[in-house]
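Engineer: The following block contains the structure, expressed as structure tokens.
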Amino acid sequence: MSEAALVLEDGKIYRGRAFGAEGQTLGEAVFSTGMTGYQETLTDPSYHRQIVVATAPQIGNTGWNLEDSESFGSRGHEAAGPSGKIWVAGYAIREATRVVSNYRASHSLQEELDNQGIVGIQGIDTRAVVRHLRNFGAMRAGVFSGAALASAEELVERVRNQPSMLGADLSAEVSTPSGYVIEPGGEPRATIVAVDLGIKTNTPRMLAQRGVRVHVVPSSVGLEDILDLDPDGVFLSHGPGDPATADGAVQLTKAILGQRLPLFGICFGNQILGRALGLGTYKMKFGHRGINIPVIDHATGRVAITAQNHGFALEGEAGQEFDTPFGRAVVSHTCANDGTVEGVRLLDGSAFSVQYHPEAAAGPHDAAYLFDQFVSQLDAASAQKGTA
Ligand SMILES: NC(=O)CC[C@H](N)C(=O)O
């Protein structure tokens with residue numbers, strides 16, 4: 001295995017061995033604290049242009065299977081076939097397992113990284129990398145191996161020459177090029193439009209499991225296209241990039257709110273709904289990425305343990321109420337670790353969103369009830385349509 005280097009924009013270099021494809025990759029270095037679920041993480045479109053550092057010390061134990069990928073439906077997924085497209089820019093780990101041990105595995109993680117040309121690094125002190133990123137923040141980085149290795153100065157230069165995640169407008173790079181429908185098993189109880197800003201496979205699946213027909217549409221969709229589908233509600237998906245750049249999605253959201261259609265948003269969708277309600281966004285120092293992040297629901301005082309993956313957040317305070325052109329709104333959820341805004345809602349309940357991932361994949365299912373809450377809104381809207 002050839003030598004490899006993880007290079008950070010501040011000049012810090014961690015030397016290890018190649019993992020997966022050899023070559024060069026650039027992206028923002030971020031860390032994920034999930035102890036399981038690497039396949040879901042690697043295929044999540046929200047990680048587009050990010051080099052993920054895993055805090056779990058050994059990676060690859062369960063190999064790669066043909067079921068758990070989260071990128072079916074995202075742009076360019078066909079090329080990866082049933083394996084699912086890997087969206088991360090690179091992967092940095094402590095130790096790759098030598099033995100794949102799971103009945104669902106079809107091949108190893110290394111093989112899949114090789115097949116898809118994903119450049120990774122193993123054998124580095126990932127605890128030291130994570131401490132560095134916690135102290136100095138997520139930053140531009142690169143992984144280099146084989147013929148791509150060069151002098152330290154040259155590598156740092158290449159890392160610094162890439163654009164920052166701050167100001168990155170990435171929705172169009174991951175969103176499906178054309179719409180598709182996920183049907184529930186039987187007769188649909190309601191129909192929604194899901195705006196794909198980087199949607200994971202499990203999100204429309206969880207809605208379909210609840211009897212909802214889901215039209216997944218490209219991020220460039222307009223209000224008229226949405227209304228043509230005669231939906232009972234609209235969903236705004238998770239996705240990569242800086243929400244401050246997503247003016248198109250914010251305008252669309254304002255138009256949807258103006259129609260009084262029920263609206264639910266997750267992660268990027270929470271940031272978009274927050275912006276449409278007048279809140280600002282900012283880049284966090286190192287973000288929240290993992291599957292054990294505690295969130296307080298200020299309506300009930302209950303804490304949910306949640307899956308998360310975000311580097312930006314909405315500005316606001318726990319329980320803060322504010323006026324919007326669509327009615328009064330509230331900061332409904334905050335993170336129990338650091339007070340970050342984790343959810344907003346119109347007080348009438350017709351539009352709400354969370355910064356965490358009720359679809360989990362991977363992660364705990366504490367927040368799955370939010371899909372039920374959305375479906376109740378849809379039932380009410382569809383009943384009203386029936387009597388209109
Ligand atoms: N998973 C997501 O939707 C991420 C949202 C946004 N790109 C962020 O990093 O904050």
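The chains in the structure tokens are called A, B, ... from first to last as shown; in each chain the residues are counted from 1, and the ligands are counted from 1 in the order shown.
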Residues within 10 Å of ligand 1 (only C-alpha atoms and all ligand atoms), as a PDB file with N, CA and C atoms, in the first residue's frame?
Structural biologist:
ATOM      1  N   ASP A  44     -24.338   9.601   1.432  1.00  0.00           N
ATOM      2  CA  ASP A  44     -25.259  10.713   1.708  1.00  0.00           C
ATOM      3  C   ASP A  44     -24.837  11.927   0.873  1.00  0.00           C
ATOM      4  N   PRO A  45     -25.727  12.419  -0.028  1.00  0.00           N
ATOM      5  CA  PRO A  45     -25.343  13.554  -0.884  1.00  0.00           C
ATOM      6  C   PRO A  45     -24.949  14.813  -0.095  1.00  0.00           C
ATOM      7  N   SER A  46     -25.376  14.916   1.184  1.00  0.00           N
ATOM      8  CA  SER A  46     -25.005  16.092   1.973  1.00  0.00           C
ATOM      9  C   SER A  46     -23.499  16.169   2.211  1.00  0.00           C
ATOM     10  N   TYR A  47     -22.789  15.045   2.043  1.00  0.00           N
ATOM     11  CA  TYR A  47     -21.334  15.044   2.243  1.00  0.00           C
ATOM     12  C   TYR A  47     -20.559  15.380   0.967  1.00  0.00           C
ATOM     13  N   HIS A  48     -21.279  15.788  -0.080  1.00  0.00           N
ATOM     14  CA  HIS A  48     -20.611  16.184  -1.326  1.00  0.00           C
ATOM     15  C   HIS A  48     -19.548  17.256  -1.021  1.00  0.00           C
ATOM     16  N   GLN A  50     -16.906  16.945   0.810  1.00  0.00           N
ATOM     17  CA  GLN A  50     -16.312  16.884   2.146  1.00  0.00           C
ATOM     18  C   GLN A  50     -15.463  15.622   2.293  1.00  0.00           C
ATOM     19  N   MET A 165     -16.150  25.901   1.736  1.00  0.00           N
ATOM     20  CA  MET A 165     -17.552  25.474   1.859  1.00  0.00           C
ATOM     21  C   MET A 165     -18.449  26.692   2.132  1.00  0.00           C
ATOM     22  N   LEU A 166     -17.868  27.735   2.749  1.00  0.00           N
ATOM     23  CA  LEU A 166     -18.625  28.971   2.965  1.00  0.00           C
ATOM     24  C   LEU A 166     -18.930  29.573   1.591  1.00  0.00           C
ATOM     25  N   ALA A 168     -20.625  27.988  -0.774  1.00  0.00           N
ATOM     26  CA  ALA A 168     -20.752  26.946  -1.805  1.00  0.00           C
ATOM     27  C   ALA A 168     -22.228  26.674  -2.119  1.00  0.00           C
ATOM     28  N   ASP A 169     -22.562  26.734  -3.407  1.00  0.00           N
ATOM     29  CA  ASP A 169     -23.930  26.507  -3.874  1.00  0.00           C
ATOM     30  C   ASP A 169     -23.931  25.158  -4.587  1.00  0.00           C
ATOM     31  N   LEU A 170     -24.386  24.102  -3.903  1.00  0.00           N
ATOM     32  CA  LEU A 170     -24.143  22.747  -4.412  1.00  0.00           C
ATOM     33  C   LEU A 170     -25.411  21.974  -4.773  1.00  0.00           C
ATOM     34  N   SER A 171     -26.588  22.547  -4.517  1.00  0.00           N
ATOM     35  CA  SER A 171     -27.830  21.774  -4.720  1.00  0.00           C
ATOM     36  C   SER A 171     -27.903  21.191  -6.129  1.00  0.00           C
ATOM     37  N   LEU A 197     -32.894  18.651  -2.723  1.00  0.00           N
ATOM     38  CA  LEU A 197     -31.706  19.506  -2.600  1.00  0.00           C
ATOM     39  C   LEU A 197     -30.493  18.630  -2.272  1.00  0.00           C
ATOM     40  N   GLY A 198     -30.703  17.295  -2.337  1.00  0.00           N
ATOM     41  CA  GLY A 198     -29.658  16.327  -1.970  1.00  0.00           C
ATOM     42  C   GLY A 198     -30.284  15.215  -1.130  1.00  0.00           C
ATOM     43  N   ILE A 199     -31.451  14.772  -1.573  1.00  0.00           N
ATOM     44  CA  ILE A 199     -32.292  13.890  -0.740  1.00  0.00           C
ATOM     45  C   ILE A 199     -31.659  12.507  -0.585  1.00  0.00           C
ATOM     46  N   LYS A 200     -31.816  11.931   0.611  1.00  0.00           N
ATOM     47  CA  LYS A 200     -31.373  10.561   0.862  1.00  0.00           C
ATOM     48  C   LYS A 200     -32.504   9.601   0.486  1.00  0.00           C
ATOM     49  N   LEU A 236     -39.055  19.767   2.025  1.00  0.00           N
ATOM     50  CA  LEU A 236     -37.759  20.346   1.618  1.00  0.00           C
ATOM     51  C   LEU A 236     -36.665  19.445   2.172  1.00  0.00           C
ATOM     52  N   SER A 237     -35.806  18.942   1.292  1.00  0.00           N
ATOM     53  CA  SER A 237     -34.856  17.910   1.728  1.00  0.00           C
ATOM     54  C   SER A 237     -33.589  18.498   2.342  1.00  0.00           C
ATOM     55  N   HIS A 238     -32.802  17.593   2.887  1.00  0.00           N
ATOM     56  CA  HIS A 238     -31.427  17.840   3.315  1.00  0.00           C
ATOM     57  C   HIS A 238     -30.547  17.999   2.080  1.00  0.00           C
ATOM     58  N   GLY A 239     -29.323  18.444   2.255  1.00  0.00           N
ATOM     59  CA  GLY A 239     -28.430  18.575   1.115  1.00  0.00           C
ATOM     60  C   GLY A 239     -27.185  19.362   1.440  1.00  0.00           C
ATOM     61  N   PRO A 240     -26.208  19.334   0.520  1.00  0.00           N
ATOM     62  CA  PRO A 240     -24.909  19.963   0.776  1.00  0.00           C
ATOM     63  C   PRO A 240     -24.918  21.472   0.534  1.00  0.00           C
ATOM     64  N   GLY A 241     -23.850  22.123   0.957  1.00  0.00           N
ATOM     65  CA  GLY A 241     -23.627  23.527   0.622  1.00  0.00           C
ATOM     66  C   GLY A 241     -24.069  24.495   1.701  1.00  0.00           C
ATOM     67  N   ASP A 242     -23.837  25.762   1.388  1.00  0.00           N
ATOM     68  CA  ASP A 242     -24.101  26.868   2.310  1.00  0.00           C
ATOM     69  C   ASP A 242     -25.531  27.363   2.079  1.00  0.00           C
ATOM     70  N   PRO A 243     -26.402  27.275   3.099  1.00  0.00           N
ATOM     71  CA  PRO A 243     -27.797  27.693   2.895  1.00  0.00           C
ATOM     72  C   PRO A 243     -27.920  29.171   2.522  1.00  0.00           C
ATOM     73  N   ALA A 244     -26.905  29.969   2.833  1.00  0.00           N
ATOM     74  CA  ALA A 244     -26.968  31.397   2.487  1.00  0.00           C
ATOM     75  C   ALA A 244     -26.989  31.598   0.973  1.00  0.00           C
ATOM     76  N   GLY A 265     -39.498  20.322   6.584  1.00  0.00           N
ATOM     77  CA  GLY A 265     -38.132  20.378   6.072  1.00  0.00           C
ATOM     78  C   GLY A 265     -37.162  19.691   7.013  1.00  0.00           C
ATOM     79  N   ILE A 266     -36.106  19.123   6.429  1.00  0.00           N
ATOM     80  CA  ILE A 266     -35.073  18.455   7.219  1.00  0.00           C
ATOM     81  C   ILE A 266     -33.710  19.043   6.855  1.00  0.00           C
ATOM     82  N   CYS A 267     -32.941  19.412   7.866  1.00  0.00           N
ATOM     83  CA  CYS A 267     -31.541  19.832   7.760  1.00  0.00           C
ATOM     84  C   CYS A 267     -31.366  21.033   6.816  1.00  0.00           C
ATOM     85  N   PHE A 268     -30.919  20.836   5.571  1.00  0.00           N
ATOM     86  CA  PHE A 268     -30.850  21.970   4.645  1.00  0.00           C
ATOM     87  C   PHE A 268     -32.252  22.582   4.529  1.00  0.00           C
ATOM     88  N   GLY A 269     -33.270  21.718   4.505  1.00  0.00           N
ATOM     89  CA  GLY A 269     -34.656  22.178   4.429  1.00  0.00           C
ATOM     90  C   GLY A 269     -35.052  23.025   5.636  1.00  0.00           C
ATOM     91  N   ASN A 270     -34.475  22.730   6.803  1.00  0.00           N
ATOM     92  CA  ASN A 270     -34.718  23.537   8.004  1.00  0.00           C
ATOM     93  C   ASN A 270     -34.078  24.914   7.847  1.00  0.00           C
ATOM     94  N   GLN A 271     -32.881  24.915   7.278  1.00  0.00           N
ATOM     95  CA  GLN A 271     -32.185  26.191   7.075  1.00  0.00           C
ATOM     96  C   GLN A 271     -32.949  27.048   6.053  1.00  0.00           C
ATOM     97  N   ILE A 272     -33.508  26.390   5.025  1.00  0.00           N
ATOM     98  CA  ILE A 272     -34.256  27.115   3.991  1.00  0.00           C
ATOM     99  C   ILE A 272     -35.563  27.668   4.586  1.00  0.00           C
ATOM    100  N   THR A 281     -28.389  32.634   8.717  1.00  0.00           N
ATOM    101  CA  THR A 281     -27.615  31.401   8.913  1.00  0.00           C
ATOM    102  C   THR A 281     -26.144  31.762   9.096  1.00  0.00           C
ATOM    103  N   TYR A 282     -25.376  30.831   9.656  1.00  0.00           N
ATOM    104  CA  TYR A 282     -23.934  31.048   9.811  1.00  0.00           C
ATOM    105  C   TYR A 282     -23.210  29.709   9.714  1.00  0.00           C
ATOM    106  N   LYS A 283     -21.919  29.770   9.458  1.00  0.00           N
ATOM    107  CA  LYS A 283     -21.125  28.537   9.401  1.00  0.00           C
ATOM    108  C   LYS A 283     -20.655  28.210  10.809  1.00  0.00           C
ATOM    109  N   MET A 284     -20.917  26.988  11.253  1.00  0.00           N
ATOM    110  CA  MET A 284     -20.501  26.560  12.594  1.00  0.00           C
ATOM    111  C   MET A 284     -19.000  26.283  12.583  1.00  0.00           C
ATOM    112  N   PHE A 286     -17.258  23.552  13.801  1.00  0.00           N
ATOM    113  CA  PHE A 286     -16.975  22.221  13.255  1.00  0.00           C
ATOM    114  C   PHE A 286     -18.237  21.385  13.032  1.00  0.00           C
ATOM    115  N   GLY A 287     -19.395  21.968  13.278  1.00  0.00           N
ATOM    116  CA  GLY A 287     -20.642  21.300  12.936  1.00  0.00           C
ATOM    117  C   GLY A 287     -21.035  20.161  13.858  1.00  0.00           C
ATOM    118  N   HIS A 288     -22.104  19.489  13.478  1.00  0.00           N
ATOM    119  CA  HIS A 288     -22.620  18.315  14.198  1.00  0.00           C
ATOM    120  C   HIS A 288     -22.697  17.166  13.203  1.00  0.00           C
ATOM    121  N   ARG A 289     -21.915  16.138  13.392  1.00  0.00           N
ATOM    122  CA  ARG A 289     -22.004  14.957  12.513  1.00  0.00           C
ATOM    123  C   ARG A 289     -21.856  13.717  13.361  1.00  0.00           C
ATOM    124  N   ALA A 307     -29.696  11.711  14.735  1.00  0.00           N
ATOM    125  CA  ALA A 307     -28.655  11.638  13.705  1.00  0.00           C
ATOM    126  C   ALA A 307     -28.493  13.033  13.111  1.00  0.00           C
ATOM    127  N   GLN A 308     -27.256  13.453  12.926  1.00  0.00           N
ATOM    128  CA  GLN A 308     -27.031  14.793  12.379  1.00  0.00           C
ATOM    129  C   GLN A 308     -25.855  14.827  11.424  1.00  0.00           C
ATOM    130  N   ASN A 309     -25.878  15.840  10.568  1.00  0.00           N
ATOM    131  CA  ASN A 309     -24.813  16.032   9.598  1.00  0.00           C
ATOM    132  C   ASN A 309     -24.950  17.433   9.043  1.00  0.00           C
ATOM    133  N   HIS A 310     -24.496  18.420   9.822  1.00  0.00           N
ATOM    134  CA  HIS A 310     -24.573  19.781   9.288  1.00  0.00           C
ATOM    135  C   HIS A 310     -23.414  20.633   9.770  1.00  0.00           C
ATOM    136  N   GLY A 311     -23.041  21.589   8.923  1.00  0.00           N
ATOM    137  CA  GLY A 311     -21.935  22.492   9.233  1.00  0.00           C
ATOM    138  C   GLY A 311     -22.380  23.944   9.286  1.00  0.00           C
ATOM    139  N   PHE A 312     -23.669  24.165   8.967  1.00  0.00           N
ATOM    140  CA  PHE A 312     -24.254  25.507   9.058  1.00  0.00           C
ATOM    141  C   PHE A 312     -25.436  25.416  10.017  1.00  0.00           C
ATOM    142  N   ALA A 313     -25.898  26.570  10.488  1.00  0.00           N
ATOM    143  CA  ALA A 313     -27.042  26.563  11.404  1.00  0.00           C
ATOM    144  C   ALA A 313     -27.801  27.869  11.282  1.00  0.00           C
ATOM    145  N   LEU A 314     -29.036  27.852  11.802  1.00  0.00           N
ATOM    146  CA  LEU A 314     -29.869  29.053  11.855  1.00  0.00           C
ATOM    147  C   LEU A 314     -29.507  29.871  13.085  1.00  0.00           C
ATOM    148  N   VAL A 354     -36.737  20.491  11.054  1.00  0.00           N
ATOM    149  CA  VAL A 354     -35.718  20.161  12.059  1.00  0.00           C
ATOM    150  C   VAL A 354     -34.347  20.072  11.398  1.00  0.00           C
ATOM    151  N   GLN A 355     -33.326  20.382  12.178  1.00  0.00           N
ATOM    152  CA  GLN A 355     -31.958  20.374  11.682  1.00  0.00           C
ATOM    153  C   GLN A 355     -31.365  18.966  11.692  1.00  0.00           C
ATOM    154  N   TYR A 356     -32.034  18.051  12.384  1.00  0.00           N
ATOM    155  CA  TYR A 356     -31.521  16.681  12.494  1.00  0.00           C
ATOM    156  C   TYR A 356     -32.272  15.765  11.535  1.00  0.00           C
ATOM    157  N   HIS A 357     -31.984  14.465  11.619  1.00  0.00           N
ATOM    158  CA  HIS A 357     -32.448  13.545  10.576  1.00  0.00           C
ATOM    159  C   HIS A 357     -33.397  12.483  11.122  1.00  0.00           C
TER     160      HIS A 357
END
Engineer: Pick the closest to Arg260 of chain A from A:Ser350, A:Thr191, A:Ser219, A:Ser69: which is it, counting only C-alpha atoms?
Structural biologist: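 Going through A:Ser350, A:Thr191, A:Ser219, A:Ser69 one by one, the smallest distance to Arg260 of chain A is for A:Ser350.
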Engineer: Please, what distance in Å, to one decimal, runs between atom CA of Val174 of chain A and atom CA of Ala360 of chain A?
Structural biologist: 19.6 Å
Engineer: What does the distance between atom CA of Asp196 of chain A and atom CA of Asp247 of chain A come to in Å, to one decimal place?
Structural biologist: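 Atom-to-atom, atom CA of Asp196 of chain A to atom CA of Asp247 of chain A, that is 15.0 Å.
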Engineer: Could you go through segment 13-218 of chain A and tell me which residues DSSP, when run on the backbone, assigns to strand (DSSP E), listing them as a PyMOL selection string?
Structural biologist: chain A and resi 13-20+24-32+50-54+58-59+90-92+95-96+119-122+139-145+180-182+190-195+212-217
Engineer: Give me, as a count of residues only, all polymer residues having an atom no more than 12 Å from Leu155 of chain A, counting only C-alpha atoms and skipping those fewer than 3 positions away in the same chain.
Structural biologist: 29
Engineer: Of the candidates A:His333, A:Arg210, A:Arg17, A:Arg104, which shows the shortest atom-to-atom distance to Ile124 of chain A, using only C-alpha atoms?
Structural biologist: A:Arg17
Engineer: Calculated over only C-alpha atoms, which of the candidates A:Gly274, A:Gln110, A:Thr55, A:Arg328 has the smallest distance to Arg131 of chain A?
Structural biologist: A:Thr55
Engineer: List as a PDB file with C-alpha atoms, in the first residue's frame the protein and nucleic acid residues near segment 299-302 of chain A, meaning an atom at most 10 Å away when only C-alpha atoms are counted, but skip any in the same chain fewer than 4 places from it.
Structural biologist:
ATOM      1  CA  PRO A 294     -29.268  15.277  21.974  1.00  0.00           C
ATOM      2  CA  VAL A 295     -31.971  17.757  20.945  1.00  0.00           C
ATOM      3  CA  GLY A 319     -38.084  29.149  22.448  1.00  0.00           C
ATOM      4  CA  VAL A 330     -40.926  29.836  17.119  1.00  0.00           C
ATOM      5  CA  VAL A 331     -37.485  28.303  17.513  1.00  0.00           C
ATOM      6  CA  SER A 332     -38.906  24.951  18.543  1.00  0.00           C
ATOM      7  CA  HIS A 333     -35.774  22.834  19.150  1.00  0.00           C
TER       8      HIS A 333
END
Engineer: If you count only C-alpha atoms, which residues fall within 12 Å of Val303 of chain A, apart from same-chain ones fewer than 5 positions away, as a list in words?
Structural biologist: Asn292, Ile293, Pro294, Val295, Ile296, Asp297, His298, His333, Thr334, Cys335, Ala336, Asn337, Glu342, Asp366 and Ala367 of chain A
Engineer: I need the residue nearest Asn65 of chain A from this list: A:Gly117, A:Gly123, A:Gly84, A:Gly185. Use only C-alpha atoms for the distance.
Structural biologist: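 Selected residue with least distance to Asn65 of chain A: A:Gly84.
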Engineer: Do you have the atom CA of His132 of chain A-atom CA of Val156 of chain A distance handy?
Structural biologist: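 Interatomic distance here is 16.3 Å.
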Engineer: Quick one: of A:Met139, A:Ala362, A:Leu66, A:Ala383, who's nearest to Gly81 of chain A, counting only C-alpha atoms?
Structural biologist: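 Closest to Gly81 of chain A of all the choices is A:Leu66.
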Engineer: Give me the residues within 7 Å of Glu359 of chain A as a ChimeraX atom specification, counting only C-alpha atoms and dropping any in the same chain fewer than 3 places off.
Structural biologist: /A:202-203,206,368
Engineer: Would you put the residues from that selection into a file with N, CA and C atoms, as a PDB file, in the first residue's frame?
Structural biologist:
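In the end it all went to selection-v5.pdb:
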ATOM      1  N   ASN A 202     -33.803   7.132   2.075  1.00  0.00           N
ATOM      2  CA  ASN A 202     -34.722   6.708   3.126  1.00  0.00           C
ATOM      3  C   ASN A 202     -35.826   7.716   3.430  1.00  0.00           C
ATOM      4  N   THR A 203     -35.662   8.961   3.022  1.00  0.00           N
ATOM      5  CA  THR A 203     -36.664   9.970   3.391  1.00  0.00           C
ATOM      6  C   THR A 203     -37.986   9.754   2.650  1.00  0.00           C
ATOM      7  N   MET A 206     -39.636   6.598   3.942  1.00  0.00           N
ATOM      8  CA  MET A 206     -40.367   6.663   5.220  1.00  0.00           C
ATOM      9  C   MET A 206     -41.742   7.292   5.033  1.00  0.00           C
ATOM     10  N   ALA A 368     -38.628   9.703  14.476  1.00  0.00           N
ATOM     11  CA  ALA A 368     -39.454   9.242  13.346  1.00  0.00           C
ATOM     12  C   ALA A 368     -40.885   9.758  13.438  1.00  0.00           C
TER      13      ALA A 368
END
